[in-house]
Structures are given as C-alpha cells and as structure tokens.
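Source file: input_11.cif (mmCIF, C-alpha atoms and all ligand atoms)
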data_final
#
loop_
_atom_site.label_atom_id
_atom_site.label_comp_id
_atom_site.auth_asym_id
_atom_site.auth_seq_id
_atom_site.Cartn_x
_atom_site.Cartn_y
_atom_site.Cartn_z
CA MET A 118 -22.63 -11.41 -33.02
CA SER A 119 -22.43 -8.97 -30.08
CA ALA A 120 -19.30 -6.82 -29.58
CA PRO A 121 -16.85 -8.11 -26.93
CA PRO A 122 -17.34 -6.49 -23.51
CA ILE A 123 -15.31 -3.42 -22.55
CA HIS A 124 -13.78 -3.84 -19.11
CA ASP A 125 -13.36 -0.88 -16.80
CA ILE A 126 -9.90 -1.94 -15.63
CA PHE A 127 -7.23 -4.23 -17.06
CA VAL A 128 -4.55 -5.27 -14.54
CA ILE A 129 -1.14 -6.53 -15.73
CA GLY A 130 0.47 -8.80 -13.12
CA GLY A 131 -0.78 -11.41 -10.65
CA GLY A 132 1.51 -10.55 -7.73
CA ILE A 133 0.26 -9.16 -4.44
CA ASN A 134 -0.28 -5.68 -5.83
CA GLY A 135 -2.12 -6.70 -9.00
CA CYS A 136 -4.37 -9.15 -7.12
CA GLY A 137 -5.00 -6.70 -4.27
CA ILE A 138 -5.99 -3.96 -6.73
CA ALA A 139 -8.23 -6.34 -8.72
CA ARG A 140 -10.02 -7.44 -5.53
CA ASP A 141 -10.57 -3.92 -4.23
CA ALA A 142 -11.77 -2.69 -7.65
CA VAL A 143 -14.24 -5.49 -8.35
CA GLY A 144 -15.61 -5.17 -4.81
CA ARG A 145 -16.46 -1.53 -5.56
CA GLY A 146 -18.37 -2.48 -8.70
CA PHE A 147 -15.78 -2.07 -11.48
CA SER A 148 -15.44 -4.78 -14.11
CA VAL A 149 -11.89 -6.15 -13.93
CA PHE A 150 -9.67 -8.35 -16.10
CA LEU A 151 -6.28 -9.46 -14.71
CA ALA A 152 -3.57 -11.26 -16.70
CA GLU A 153 -0.56 -13.01 -15.15
CA MET A 154 2.06 -14.39 -17.53
CA ASN A 155 3.09 -17.27 -15.27
CA ASP A 156 1.36 -18.45 -12.11
CA LEU A 157 -0.05 -16.22 -9.37
CA ALA A 158 2.76 -15.01 -7.06
CA SER A 159 5.42 -16.44 -9.36
CA GLY A 160 7.36 -13.14 -9.22
CA THR A 161 8.60 -11.26 -6.15
CA SER A 162 5.51 -11.99 -4.07
CA SER A 163 6.57 -15.55 -3.21
CA GLY A 164 10.22 -14.66 -2.54
CA SER A 165 9.84 -12.28 0.38
CA THR A 166 11.01 -12.70 3.99
CA LYS A 167 7.29 -13.29 4.70
CA LEU A 168 6.95 -10.63 7.37
CA ILE A 169 3.99 -8.39 8.01
CA HIS A 170 6.08 -5.68 9.56
CA GLY A 171 6.43 -1.97 10.07
CA GLY A 172 10.09 -2.16 9.09
CA LEU A 173 12.06 -1.07 12.16
CA ARG A 174 15.13 -0.42 9.99
CA TYR A 175 13.28 2.09 7.78
CA LEU A 176 13.00 4.46 10.75
CA GLU A 177 16.72 5.12 10.28
CA PHE A 178 15.92 6.45 6.81
CA TYR A 179 13.12 8.66 8.20
CA GLU A 180 10.44 6.65 6.34
CA PHE A 181 7.86 7.54 9.00
CA ARG A 182 4.88 7.55 6.62
CA LEU A 183 5.67 4.07 5.36
CA VAL A 184 6.46 2.64 8.81
CA ARG A 185 3.29 4.07 10.36
CA GLU A 186 1.09 2.78 7.55
CA ALA A 187 2.75 -0.65 7.63
CA LEU A 188 2.46 -0.88 11.42
CA MET A 189 -1.25 -0.09 11.21
CA GLU A 190 -1.73 -2.78 8.57
CA ARG A 191 -0.37 -5.52 10.84
CA GLU A 192 -3.51 -5.94 12.94
CA ILE A 193 -5.89 -5.28 10.02
CA LEU A 194 -4.33 -8.04 7.90
CA TRP A 195 -4.11 -10.42 10.87
CA LYS A 196 -7.82 -9.89 11.63
CA ASN A 197 -8.82 -10.55 8.01
CA ALA A 198 -6.61 -13.59 7.37
CA PRO A 199 -5.70 -15.27 10.68
CA HIS A 200 -5.28 -18.60 8.84
CA ILE A 201 -2.22 -17.32 6.93
CA ILE A 202 -1.05 -14.34 9.03
CA TRP A 203 -0.12 -14.48 12.69
CA PRO A 204 1.83 -12.47 15.27
CA MET A 205 5.48 -13.20 15.87
CA ARG A 206 7.87 -11.92 18.52
CA PHE A 207 11.35 -10.79 17.47
CA VAL A 208 14.46 -10.81 19.67
CA LEU A 209 16.96 -8.06 18.84
CA PRO A 210 20.22 -8.63 20.76
CA TYR A 211 22.12 -5.55 21.85
CA ALA A 212 25.62 -5.76 20.29
CA ARG A 213 28.42 -3.65 21.71
CA GLY A 214 29.95 -1.32 19.10
CA LEU A 215 26.84 -1.32 16.87
CA ARG A 216 23.66 0.75 17.42
CA PRO A 217 23.58 2.12 20.98
CA ALA A 218 20.89 0.76 23.32
CA TRP A 219 19.22 4.18 23.63
CA LEU A 220 18.75 4.36 19.83
CA ILE A 221 17.20 0.89 19.69
CA ARG A 222 14.93 1.77 22.62
CA LEU A 223 13.86 4.98 20.87
CA GLY A 224 13.14 3.12 17.63
CA LEU A 225 11.10 0.49 19.45
CA PHE A 226 9.24 3.15 21.44
CA LEU A 227 8.17 4.75 18.16
CA TYR A 228 7.38 1.31 16.75
CA ASP A 229 5.10 0.58 19.70
CA HIS A 230 3.35 3.94 19.64
CA ILE A 231 2.93 5.35 16.11
CA GLY A 232 1.08 2.42 14.54
CA GLY A 233 -2.22 2.07 16.44
CA ARG A 234 -1.12 -1.18 18.16
CA LYS A 235 -4.04 -2.69 20.11
CA LEU A 236 -3.59 -6.46 20.32
CA LEU A 237 0.08 -7.09 19.65
CA PRO A 238 2.14 -7.12 22.86
CA ALA A 239 4.57 -4.25 23.51
CA THR A 240 8.37 -4.27 23.54
CA LYS A 241 10.25 -5.58 26.56
CA THR A 242 13.89 -5.98 27.58
CA LEU A 243 15.38 -9.46 28.01
CA ASP A 244 18.17 -10.68 30.25
CA MET A 245 19.73 -13.19 27.87
CA ALA A 246 21.48 -15.07 30.68
CA LYS A 247 18.04 -16.09 31.97
CA ASP A 248 15.76 -15.98 28.91
CA PRO A 249 15.64 -19.11 26.68
CA ALA A 250 16.24 -16.81 23.67
CA GLY A 251 19.83 -16.43 24.91
CA LYS A 252 20.53 -20.17 24.77
CA PRO A 253 21.53 -20.63 21.08
CA LEU A 254 23.51 -17.35 21.03
CA LYS A 255 27.07 -16.55 22.07
CA PRO A 256 27.24 -15.60 25.77
CA LEU A 257 28.57 -12.11 24.92
CA PHE A 258 24.98 -11.11 24.00
CA ARG A 259 23.71 -10.38 27.49
CA LYS A 260 20.84 -8.05 26.73
CA ALA A 261 18.13 -8.01 24.05
CA PHE A 262 14.88 -6.28 23.14
CA GLU A 263 11.78 -8.28 22.25
CA TYR A 264 9.12 -6.68 20.03
CA SER A 265 6.09 -7.66 17.90
CA ASP A 266 5.54 -8.01 14.16
CA GLY A 267 3.77 -10.61 12.02
CA TRP A 268 4.33 -13.60 9.74
CA VAL A 269 2.54 -14.27 6.44
CA ASN A 270 2.33 -17.05 3.90
CA ASP A 271 3.06 -14.57 1.09
CA ALA A 272 2.11 -16.67 -1.95
CA ARG A 273 -1.13 -17.76 -0.34
CA LEU A 274 -2.04 -14.15 0.43
CA VAL A 275 -1.77 -13.46 -3.31
CA ALA A 276 -3.86 -16.51 -4.24
CA LEU A 277 -6.59 -15.62 -1.73
CA ASN A 278 -6.85 -12.07 -3.04
CA ALA A 279 -7.19 -13.48 -6.56
CA ARG A 280 -9.74 -16.07 -5.39
CA ASP A 281 -11.84 -13.41 -3.70
CA ALA A 282 -11.58 -11.10 -6.72
CA ALA A 283 -12.75 -13.95 -8.98
CA ASP A 284 -15.60 -14.84 -6.59
CA ARG A 285 -16.75 -11.23 -6.84
CA GLY A 286 -16.75 -11.33 -10.64
CA ALA A 287 -13.23 -10.45 -11.83
CA THR A 288 -11.68 -12.38 -14.70
CA ILE A 289 -8.31 -13.73 -13.53
CA ARG A 290 -6.17 -15.35 -16.22
CA THR A 291 -2.90 -17.11 -15.41
CA ARG A 292 -0.35 -18.25 -18.05
CA THR A 293 -1.51 -15.22 -20.00
CA LYS A 294 1.08 -12.69 -21.07
CA VAL A 295 0.31 -9.14 -22.10
CA ILE A 296 2.30 -8.77 -25.32
CA GLY A 297 0.97 -5.42 -26.47
CA ALA A 298 -1.31 -2.57 -25.48
CA ARG A 299 -2.35 0.28 -27.73
CA ARG A 300 -4.51 3.30 -27.19
CA GLU A 301 -7.54 3.82 -29.38
CA GLY A 302 -8.89 7.14 -28.15
CA GLU A 303 -10.30 6.62 -24.68
CA LEU A 304 -9.91 2.83 -24.76
CA TRP A 305 -7.04 0.37 -24.50
CA THR A 306 -6.80 -2.66 -26.75
CA VAL A 307 -4.68 -5.20 -24.89
CA ARG A 308 -3.12 -8.10 -26.76
CA LEU A 309 -2.75 -11.36 -24.82
CA GLU A 310 -0.87 -14.56 -25.47
CA ASN A 311 -1.67 -17.88 -23.83
CA THR A 312 1.86 -18.98 -22.87
CA GLN A 313 0.91 -22.67 -23.09
CA THR A 314 -0.86 -22.77 -26.45
CA GLY A 315 0.53 -19.63 -28.11
CA ASP A 316 -3.05 -18.50 -28.89
CA THR A 317 -3.60 -14.75 -28.92
CA GLU A 318 -6.66 -12.59 -28.26
CA GLU A 319 -7.54 -8.94 -27.70
CA VAL A 320 -9.38 -7.39 -24.76
CA LYS A 321 -10.65 -3.83 -24.44
CA ALA A 322 -10.52 -1.73 -21.29
CA ARG A 323 -10.96 1.87 -20.19
CA LEU A 324 -7.95 1.95 -17.88
CA LEU A 325 -4.72 -0.02 -17.61
CA VAL A 326 -3.00 -0.84 -14.31
CA ASN A 327 0.64 -1.85 -14.68
CA ALA A 328 1.41 -3.96 -11.60
CA ALA A 329 4.15 -5.97 -13.27
CA GLY A 330 6.56 -5.68 -10.30
CA PRO A 331 10.17 -5.95 -11.48
CA TRP A 332 8.91 -5.96 -15.09
CA VAL A 333 7.05 -2.65 -14.71
CA ASP A 334 9.50 -0.62 -16.84
CA HIS A 335 9.73 -3.43 -19.38
CA VAL A 336 5.94 -3.47 -19.76
CA LEU A 337 5.95 0.30 -20.22
CA SER A 338 8.62 0.32 -22.91
CA ALA A 339 8.25 -3.01 -24.71
CA THR A 340 4.50 -3.56 -24.35
CA VAL A 341 2.89 -0.14 -24.13
CA GLY A 342 5.54 1.53 -26.29
CA LEU A 343 6.36 4.41 -23.94
CA ASN A 344 10.03 5.23 -24.34
CA GLU A 345 12.49 6.85 -21.95
CA VAL A 346 11.22 4.99 -18.91
CA HIS A 347 13.56 4.39 -16.03
CA ASN A 348 11.55 4.38 -12.82
CA VAL A 349 12.41 1.11 -11.16
CA ARG A 350 15.51 0.08 -9.24
CA LEU A 351 15.87 -3.70 -9.19
CA VAL A 352 17.39 -4.93 -5.93
CA GLN A 353 18.03 -8.63 -5.40
CA GLY A 354 17.41 -10.24 -2.01
CA SER A 355 18.25 -13.84 -1.11
CA HIS A 356 17.49 -16.23 1.74
CA ILE A 357 19.03 -19.47 2.96
CA VAL A 358 17.08 -22.21 4.73
CA ILE A 359 18.90 -24.47 7.20
CA GLY A 360 17.79 -27.20 9.60
CA LYS A 361 16.15 -25.88 12.77
CA LYS A 362 18.79 -23.83 14.60
CA PHE A 363 16.77 -23.15 17.76
CA ASP A 364 13.59 -24.38 19.46
CA ASP A 365 12.23 -21.02 20.58
CA PRO A 366 9.13 -19.82 18.64
CA ARG A 367 10.54 -16.28 18.49
CA ALA A 368 12.56 -14.95 15.54
CA TYR A 369 15.88 -13.09 15.77
CA PHE A 370 16.75 -9.69 14.35
CA PHE A 371 20.53 -9.47 13.98
CA GLN A 372 22.43 -6.24 13.28
CA ASN A 373 25.45 -6.57 11.00
CA LYS A 374 28.66 -4.57 11.09
CA ASP A 375 27.88 -3.03 7.67
CA GLY A 376 24.74 -1.38 9.10
CA ARG A 377 22.37 -3.90 7.46
CA ILE A 378 20.25 -6.38 9.38
CA ILE A 379 19.18 -9.98 8.84
CA PHE A 380 16.44 -12.14 10.32
CA ALA A 381 16.63 -15.75 11.54
CA ILE A 382 13.06 -17.03 11.61
CA PRO A 383 11.47 -20.35 12.62
CA TYR A 384 10.28 -21.82 9.30
CA GLU A 385 7.95 -24.71 8.45
CA GLU A 386 8.47 -26.35 11.88
CA GLU A 387 11.77 -28.07 11.04
CA PHE A 388 13.80 -25.23 9.55
CA THR A 389 15.29 -21.78 10.12
CA LEU A 390 14.99 -19.11 7.43
CA ILE A 391 17.86 -16.60 7.27
CA GLY A 392 17.81 -13.46 5.16
CA THR A 393 18.03 -11.19 3.44
CA THR A 394 20.54 -9.35 1.24
CA ASP A 395 20.37 -6.17 -0.88
CA GLN A 396 22.26 -5.94 -4.15
CA ASP A 397 21.47 -4.14 -7.38
CA TYR A 398 20.29 -6.48 -10.13
CA ALA A 399 20.40 -6.08 -13.91
CA GLY A 400 19.15 -9.34 -15.48
CA ASP A 401 15.72 -10.87 -16.15
CA PRO A 402 13.97 -11.07 -12.75
CA HIS A 403 12.97 -14.68 -13.45
CA ASP A 404 16.65 -15.73 -13.60
CA VAL A 405 17.56 -14.34 -10.19
CA LYS A 406 19.60 -16.76 -8.12
CA ILE A 407 21.61 -16.57 -4.89
CA SER A 408 25.31 -15.77 -5.43
CA ASP A 409 28.28 -17.28 -3.59
CA ALA A 410 28.95 -13.89 -2.04
CA GLU A 411 25.39 -13.75 -0.66
CA ILE A 412 25.70 -17.25 0.84
CA ASP A 413 28.99 -16.27 2.50
CA TYR A 414 27.47 -13.03 3.75
CA LEU A 415 24.41 -14.68 5.31
CA CYS A 416 26.43 -17.51 6.91
CA ALA A 417 28.96 -15.05 8.34
CA ALA A 418 26.34 -12.59 9.60
CA ALA A 419 24.34 -15.31 11.41
CA SER A 420 27.54 -16.89 12.78
CA GLU A 421 28.38 -13.62 14.54
CA TYR A 422 25.44 -14.39 16.84
CA PHE A 423 24.83 -18.15 17.04
CA SER A 424 27.29 -20.05 19.23
CA GLN A 425 27.30 -22.85 16.63
CA PRO A 426 28.33 -21.23 13.31
CA VAL A 427 26.09 -21.44 10.23
CA LYS A 428 27.98 -23.32 7.52
CA ARG A 429 27.39 -23.72 3.79
CA SER A 430 26.85 -27.43 4.38
CA ASP A 431 23.88 -26.60 6.68
CA ILE A 432 21.93 -25.09 3.77
CA VAL A 433 19.02 -27.19 2.51
CA TRP A 434 17.40 -24.63 0.21
CA THR A 435 17.79 -21.07 -0.99
CA TYR A 436 15.52 -18.63 -2.76
CA SER A 437 15.96 -15.20 -4.27
CA ALA A 438 13.70 -12.45 -5.56
CA VAL A 439 13.96 -8.96 -6.98
CA ARG A 440 12.51 -5.88 -5.26
CA PRO A 441 10.87 -3.50 -7.77
CA LEU A 442 11.84 -0.35 -5.84
CA TYR A 443 11.09 3.15 -6.99
CA ASP A 444 14.40 4.66 -8.12
CA ASP A 445 14.83 7.60 -5.75
CA GLY A 446 18.54 7.99 -6.54
CA ALA A 447 19.73 6.51 -3.21
CA SER A 448 23.41 5.62 -3.40
CA LYS A 449 23.15 2.18 -1.75
CA ALA A 450 20.58 -0.50 -2.64
CA GLN A 451 19.72 -0.96 1.06
CA GLU A 452 18.85 2.74 1.34
CA ALA A 453 16.47 2.96 -1.65
CA THR A 454 12.94 3.77 -0.50
CA ARG A 455 10.58 0.86 0.21
CA ASP A 456 7.56 3.13 -0.10
CA TYR A 457 5.25 2.82 -3.10
CA VAL A 458 4.77 5.32 -5.89
CA LEU A 459 1.87 5.37 -8.39
CA LYS A 460 2.52 7.15 -11.68
CA THR A 461 -0.08 8.01 -14.30
CA ASP A 462 0.22 8.55 -18.04
CA GLY A 463 -2.60 9.79 -20.29
CA GLY A 464 -6.13 10.42 -19.16
CA ASP A 465 -6.68 13.72 -20.93
CA GLY A 466 -8.83 12.39 -23.76
CA THR A 467 -6.51 9.39 -24.04
CA ALA A 468 -6.87 6.10 -22.20
CA PRO A 469 -5.02 6.25 -18.85
CA ILE A 470 -2.38 3.88 -17.49
CA ILE A 471 -1.38 3.83 -13.82
CA ASN A 472 1.94 2.19 -12.92
CA THR A 473 2.91 0.87 -9.48
CA PHE A 474 6.48 0.97 -8.16
CA GLY A 475 7.89 -0.27 -4.87
CA GLY A 476 5.75 -1.20 -1.90
CA LYS A 477 5.71 -4.10 0.52
CA ILE A 478 3.54 -7.19 0.93
CA THR A 479 2.50 -5.51 4.21
CA THR A 480 1.17 -2.39 2.49
CA TYR A 481 -0.52 -4.01 -0.54
CA ARG A 482 -4.03 -3.27 0.77
CA ARG A 483 -3.27 0.43 1.30
CA LEU A 484 -1.49 0.61 -2.06
CA SER A 485 -4.67 -0.83 -3.61
CA GLU A 486 -6.80 1.81 -1.89
CA SER A 487 -4.50 4.57 -3.18
CA MET A 488 -4.70 3.05 -6.65
CA LEU A 489 -8.51 3.00 -6.45
CA GLU A 490 -8.53 6.69 -5.51
CA LYS A 491 -6.60 7.42 -8.71
CA ILE A 492 -8.78 5.08 -10.78
CA GLU A 493 -11.95 6.75 -9.49
CA GLY A 494 -10.45 10.09 -10.54
CA PHE A 495 -10.68 8.80 -14.14
CA LEU A 496 -13.66 6.44 -14.12
CA GLY A 497 -15.83 8.08 -11.46
CA LYS A 498 -16.60 6.98 -7.93
CA ARG A 499 -18.25 3.58 -7.46
CA GLY A 500 -17.94 2.36 -3.90
CA LYS A 501 -16.25 3.15 -0.62
CA PRO A 502 -13.00 1.58 0.63
CA TRP A 503 -14.15 -1.79 2.01
CA THR A 504 -11.21 -4.17 2.37
CA ALA A 505 -10.20 -3.16 5.94
CA ASN A 506 -13.18 -5.07 7.30
CA ALA A 507 -13.49 -7.97 4.86
CA SER A 508 -12.04 -11.40 5.60
CA LEU A 509 -10.11 -13.26 2.94
CA PRO A 510 -11.45 -16.70 1.98
CA GLY A 511 -9.89 -19.98 3.05
C1 LIG B 1 14.10 -10.51 -0.73
C2 LIG B 1 12.82 -9.78 -0.47
C3 LIG B 1 12.26 -9.79 0.80
C4 LIG B 1 11.07 -9.11 1.04
N1 LIG B 1 10.50 -9.21 2.27
C5 LIG B 1 9.34 -8.60 2.52
C6 LIG B 1 8.70 -8.79 3.78
O1 LIG B 1 9.17 -9.54 4.64
N2 LIG B 1 7.54 -8.13 4.00
C7 LIG B 1 6.98 -7.31 3.07
O2 LIG B 1 5.95 -6.72 3.38
N3 LIG B 1 7.53 -7.15 1.84
C8 LIG B 1 8.69 -7.78 1.55
N4 LIG B 1 9.27 -7.66 0.32
C9 LIG B 1 8.63 -6.80 -0.70
C10 LIG B 1 7.52 -7.53 -1.45
O3 LIG B 1 7.83 -8.88 -1.63
C11 LIG B 1 7.28 -6.86 -2.81
O4 LIG B 1 7.14 -5.47 -2.65
C12 LIG B 1 6.00 -7.38 -3.48
O5 LIG B 1 5.99 -8.79 -3.49
C13 LIG B 1 5.90 -6.83 -4.89
O6 LIG B 1 4.71 -7.34 -5.44
P1 LIG B 1 4.26 -6.98 -6.92
O7 LIG B 1 2.88 -7.48 -7.09
O8 LIG B 1 4.50 -5.53 -7.17
O9 LIG B 1 5.31 -7.74 -7.86
P2 LIG B 1 5.36 -9.29 -8.29
O10 LIG B 1 5.01 -10.19 -7.18
O11 LIG B 1 6.68 -9.52 -8.94
O12 LIG B 1 4.19 -9.40 -9.37
C14 LIG B 1 4.31 -8.91 -10.68
C15 LIG B 1 3.75 -9.97 -11.62
O13 LIG B 1 3.62 -9.41 -12.92
C16 LIG B 1 3.76 -10.48 -13.84
N5 LIG B 1 4.04 -9.91 -15.16
C17 LIG B 1 5.12 -9.19 -15.53
N6 LIG B 1 5.03 -8.85 -16.84
C18 LIG B 1 3.84 -9.35 -17.29
C19 LIG B 1 3.18 -9.34 -18.56
N7 LIG B 1 3.72 -8.73 -19.63
N8 LIG B 1 1.99 -9.96 -18.66
C20 LIG B 1 1.41 -10.58 -17.60
N9 LIG B 1 2.01 -10.64 -16.38
C21 LIG B 1 3.21 -10.03 -16.23
C22 LIG B 1 4.91 -11.29 -13.26
O14 LIG B 1 4.93 -12.61 -13.74
C23 LIG B 1 4.65 -11.19 -11.76
O15 LIG B 1 3.97 -12.33 -11.25
C24 LIG B 1 10.44 -8.36 0.01
C25 LIG B 1 11.00 -8.36 -1.27
C26 LIG B 1 12.15 -9.08 -1.52
C27 LIG B 1 12.71 -9.14 -2.90
#

Go ahead and render the structure in this file as structure tokens.
Amino acid sequence: MSAPPIHDIFVIGGGINGCGIARDAVGRGFSVFLAEMNDLASGTSSGSTKLIHGGLRYLEFYEFRLVREALMEREILWKNAPHIIWPMRFVLPYARGLRPAWLIRLGLFLYDHIGGRKLLPATKTLDMAKDPAGKPLKPLFRKAFEYSDGWVNDARLVALNARDAADRGATIRTRTKVIGARREGELWTVRLENTQTGDTEEVKARLLVNAAGPWVDHVLSATVGLNEVHNVRLVQGSHIVIGKKFDDPRAYFFQNKDGRIIFAIPYEEEFTLIGTTDQDYAGDPHDVKISDAEIDYLCAAASEYFSQPVKRSDIVWTYSAVRPLYDDGASKAQEATRDYVLKTDGGDGTAPIINTFGGKITTYRRLSESMLEKIEGFLGKRGKPWTANASLPG
C-alpha cells in the first residue's frame, strides 16, 4: 500500500478567508486540503452587512491602508463576480449637531480619490427636498451626500471561491472538524472528525493555515496545543430585516448620536436590512443571537431618520455574527481595527502555522495574496499572484 499523500497546505476553516486562500494557493500550484467543521460560510462570512466597501467610517480611525486597499478591491471584485457583486449608491444625510458637512465632504473626497476608482460614479450632493431619497425621511434632513460602494452575496462568494479551488484540484471537505494537529518535525499531522458519522482520519501537510475566524484562538490552544494565546477580540454585530421601508434603489448611511453609524439597505426586493451593532462577545460564536438592547438600538437609530418609525413589530427576521478582530487594545469595540493581521509560529526546522485575524469580506483576496507571500517564504515560490484577473464561476 502506498503512503498517504503529503499536502503542501492544510487550511482550517471554510469562511471567506480560508476559501480565498485555498483558491489562490491551488491556482499557484500548491496541493491544498481545506476542512470546514460545518457548512461553507456557516460562520461570520454569511452574517455580514454584505457590503463591498472601503469603510468610510474607518477614515476617522486613520485606517488609511485598509480603506485604500478595500476601495481598490471594489472594482476588482465586481469585475470578477458581477453575478453576485454589484455597485450600490449610498445616501448619507447631513444631520445638524453630528459630523460637520466639511468633515463628511473631506472624507468622501478621500474616498473618491485614494482608491483607484474608475467605473463607480463619484460623490454628489443632494437637495433632499427635491431628490426622491428625501421622501421616506423626516423633512429636517434637507441635505445629503450620495457616494458609491458595492453589494455582495457574501455566502455565495465563499461557495464560489471553494468551487473554483476544488475545480483547480483542492480537496474541500465540509462537516469535517479539525480536532487535533501535531508537529512531527517539518510536517503536520492533522486529525479530522466527520461531524456526521464521527469517523476520524489523519492528513499530513507541510504548512497549516488557521483561518478559523472567531475560533482562531480556540484552534490554536485547544487543537494545536499552543498556550497563552489571546489575539482575537470577538465583537458581535446584529441586523434586523423589516418589510420594504422605501422604494429607492439606493441605501442609506445614518450617523448615530453615539458616533456609530448604521445602514438601511434594500434587501431581497421586498425588504430593508438595517444594521449593524458592535458589542464585545464572550460565548461560543455559533450561539450568537441578537439581544433586546440591540433591537432597541437599531429601531431607535433608524427612527431618528425615517418619518415612519421602525418598530419591533416590523421585524421579520434578524441575524447576528461575530467579528474575529485582531485585539489591538482599543477601548471600544467599534474602534478595534478592522485590518487583518497574519501571525506565524514555527518554521525554523519545525512545521509552520500561519494564523489569520481580522479582515473584511472586501479584502479577502488581498489577505489571501499576503498569506501566499508568507507561505512561499516557507515552501518556495510557485506562481505569481493571479486572482485579480480571474473570474469566479457561476
Ligand atoms: C456584523 C458584521 C458585519 C460585517 N459586515 C461586513 C461588510 O459589510 N463588508 C465586509 O467586507 N466585511 C464585513 N464583515 C467582516 C467579515 O464578515 C469577516 O471579516 C469575515 O467574514 C471573516 O471571515 P473568516 O473566513 O475569517 O471567518 P468565518 O467566516 O467565521 O470562517 C471561519 C470558519 O472556520 C470554521 N472552523 C472553526 N474551527 C474549525 C475547526 N476546528 N475545524 C474546521 N473548521 C473550523 C468555522 O466553522 C467557520 O466557518 C462583517 C462582520 C460582521 C460580524
């Protein structure tokens, strides 16, 4: 009997980052095995606000690198997956007593100019007394700014990355939990459990990628056996879905009195999606659920703007997810960095593991390229970055 194959890369986690990394790696010629303990995108990657965006708000926290990279990704991702990603215009009403108009204009000027925008239309000012976007809002909002970002079917983006990775030769296993990983010199032996049958097996790989999202620290301590790990800050975010609140195809960007912002977005033709929140989270990410306080917060924040208030009884569905942010010591959850961080352990004669923290759906492709740079530092160069000009299937 021949010995089982040794894979170049073993990826833990079938969210956007794990699937994006697997696709990029297999396309460069690495052999890749990915295990997802539930279904693809069953973690944070199906619970996002579903925006392909630069993140206007992050400019206030001087996250220029992240915003620029994310802005540049908008048109690249749109070009490669126009069936699940499309442009969307956002209406940001000026609200007296909150951010001054000059600050919003400055932010939007940067937004329009630092991200290589070619096809998306630029920002403009709206007279809300005349523009249809003013109709569902209270008449006190007389002026607004309209700018561009994008919309994505987040779960489908994950599935298409996995599909493409599999078509190119990667092994993608769902319902397969990594229950242990041990180093044997320069190789990893990864222990897997089929969560439906309970069957176990072992797979060998040269390098381990930990893309377990909110479980990234848990995988490091409980599965890989590395102690003293505390890299991730878990921040819950929730959304409410109500019946269609307005007919306009544009979304709204509302500023709140606490300095946060929420979006109200046309959703699935008959609905409006409102979110999100930011609160530190301590439980199992799979158990995350909207709280009463979050429902009250979202209803109240949207009701500051819409002339017809948003009531609890309007809610038809809610969903929540946990952001796996890199713990940069920020005092408030909303201020913790949204940028990604890749951290390596081993590699000097021992099998390496590279862990991913933070990031956005929007930046998954660039995160994957950064990951591949690190991987190639250990396993040698195989191919060039290729995903910027490669369509996703479907
Ligand atoms: C409320 C909210 C709104 C957001 N809105 C946006 C937005 O509009 N735009 C944007 O760009 N980004 C947004 N984000 C950020 C984005 O959703 C996340 O950064 C991204 O989805 C994280 O992906 P991931 O692959 O790292 O994690 P996940 O999607 O959670 O994937 C990790 C996977 O690892 C699996 N796993 C864990 N442990 C194991 C194990 N032992 N064995 C096998 N598998 C395992 C899990 O089941 C999970 O599927 C938002 C996030 C939140 C929470």

**Item:** Contacts of stretch 155-171 of chain A within 7 Å, only C-alpha atoms, excl. fewer than 4 positions in-chain, as a ChimeraX atom specification
**Value:** /A:131-133,184-185,187-188,191,266-272,275-276,291-293,392,436-440,479

**Item:** Nearest to A:Met205, chosen from A:His230, A:Arg455, A:Arg429, A:Arg367, with only C-alpha atoms counted in the distances
**Value:**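 Going through A:His230, A:Arg455, A:Arg429, A:Arg367 one by one, the smallest distance to A:Met205 is for A:Arg367.
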
**Message:** Quick check, in Å to one decimal: how far apart do atom CA of A:Leu343 and atom CA of A:Ala298 lie?
**Reply:**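 Result for atom CA of A:Leu343 versus atom CA of A:Ala298: 10.5 Å, one decimal.
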
**Request:** May I ask which of the residues A:Gly297, A:Gly476, A:Gly315, A:Gly135 is the closest one to A:Ser338, counting all atoms listed in the file?
**Result:**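 Smallest separation from A:Ser338 among the options: A:Gly297.
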
**Asked** Separation of atom C19 of ligand LIG 1 (chain B) and atom CA of A:His403, in Å?
**Response**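 Spanning atom C19 of ligand LIG 1 (chain B) to atom CA of A:His403 is a straight-line distance of 12.3 Å.
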
**Request:** Please measure the separation of atom CA of A:Phe370 and atom CA of A:Ser448, giving the value in Å to one decimal.
**Result:**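 Computing it gives 24.4 Å between the two atoms.
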
Saved stretch 226-230 of chain A from the preceding structure, all heavy atoms, as a CSV table (one decimal), in the first residue's frame:
chain,number,residue,atom,x,y,z
A,226,PHE,N,-14.2,63.0,-0.3
A,226,PHE,CA,-13.2,63.4,-1.3
A,226,PHE,C,-12.1,62.3,-1.3
A,226,PHE,O,-11.7,61.8,-2.3
A,226,PHE,CB,-12.7,64.8,-1.0
A,226,PHE,CG,-11.6,65.2,-1.9
A,226,PHE,CD1,-11.9,65.7,-3.1
A,226,PHE,CD2,-10.2,65.0,-1.6
A,226,PHE,CE1,-10.9,66.1,-4.0
A,226,PHE,CE2,-9.2,65.4,-2.5
A,226,PHE,CZ,-9.6,65.9,-3.7
A,227,LEU,N,-11.6,62.0,0.0
A,227,LEU,CA,-10.6,61.0,0.1
A,227,LEU,C,-11.1,59.6,-0.5
A,227,LEU,O,-10.4,59.0,-1.3
A,227,LEU,CB,-10.2,60.8,1.5
A,227,LEU,CG,-9.4,61.9,2.2
A,227,LEU,CD1,-9.2,61.6,3.6
A,227,LEU,CD2,-8.0,62.0,1.5
A,228,TYR,N,-12.3,59.3,-0.1
A,228,TYR,CA,-13.0,58.1,-0.6
A,228,TYR,C,-13.0,58.0,-2.1
A,228,TYR,O,-12.7,56.9,-2.7
A,228,TYR,CB,-14.4,58.0,0.0
A,228,TYR,CG,-14.9,56.7,0.3
A,228,TYR,CD1,-14.4,56.0,1.4
A,228,TYR,CD2,-15.9,56.1,-0.4
A,228,TYR,CE1,-14.9,54.8,1.8
A,228,TYR,CE2,-16.5,54.9,0.0
A,228,TYR,CZ,-15.9,54.2,1.1
A,228,TYR,OH,-16.4,53.0,1.4
A,229,ASP,N,-13.3,59.1,-2.7
A,229,ASP,CA,-13.3,59.1,-4.2
A,229,ASP,C,-12.0,59.1,-4.9
A,229,ASP,O,-11.8,58.6,-6.0
A,229,ASP,CB,-14.0,60.4,-4.7
A,229,ASP,CG,-15.5,60.3,-4.8
A,229,ASP,OD1,-16.0,59.1,-4.6
A,229,ASP,OD2,-16.2,61.3,-5.0
A,230,HIS,N,-10.9,59.5,-4.1
A,230,HIS,CA,-9.6,59.7,-4.8
A,230,HIS,C,-8.5,58.8,-4.4
A,230,HIS,O,-7.5,58.7,-5.1
A,230,HIS,CB,-9.2,61.2,-4.6
A,230,HIS,CG,-10.1,62.1,-5.5
A,230,HIS,ND1,-11.2,62.7,-4.9
A,230,HIS,CD2,-10.0,62.5,-6.7
A,230,HIS,CE1,-11.8,63.4,-5.9
A,230,HIS,NE2,-11.1,63.3,-7.0
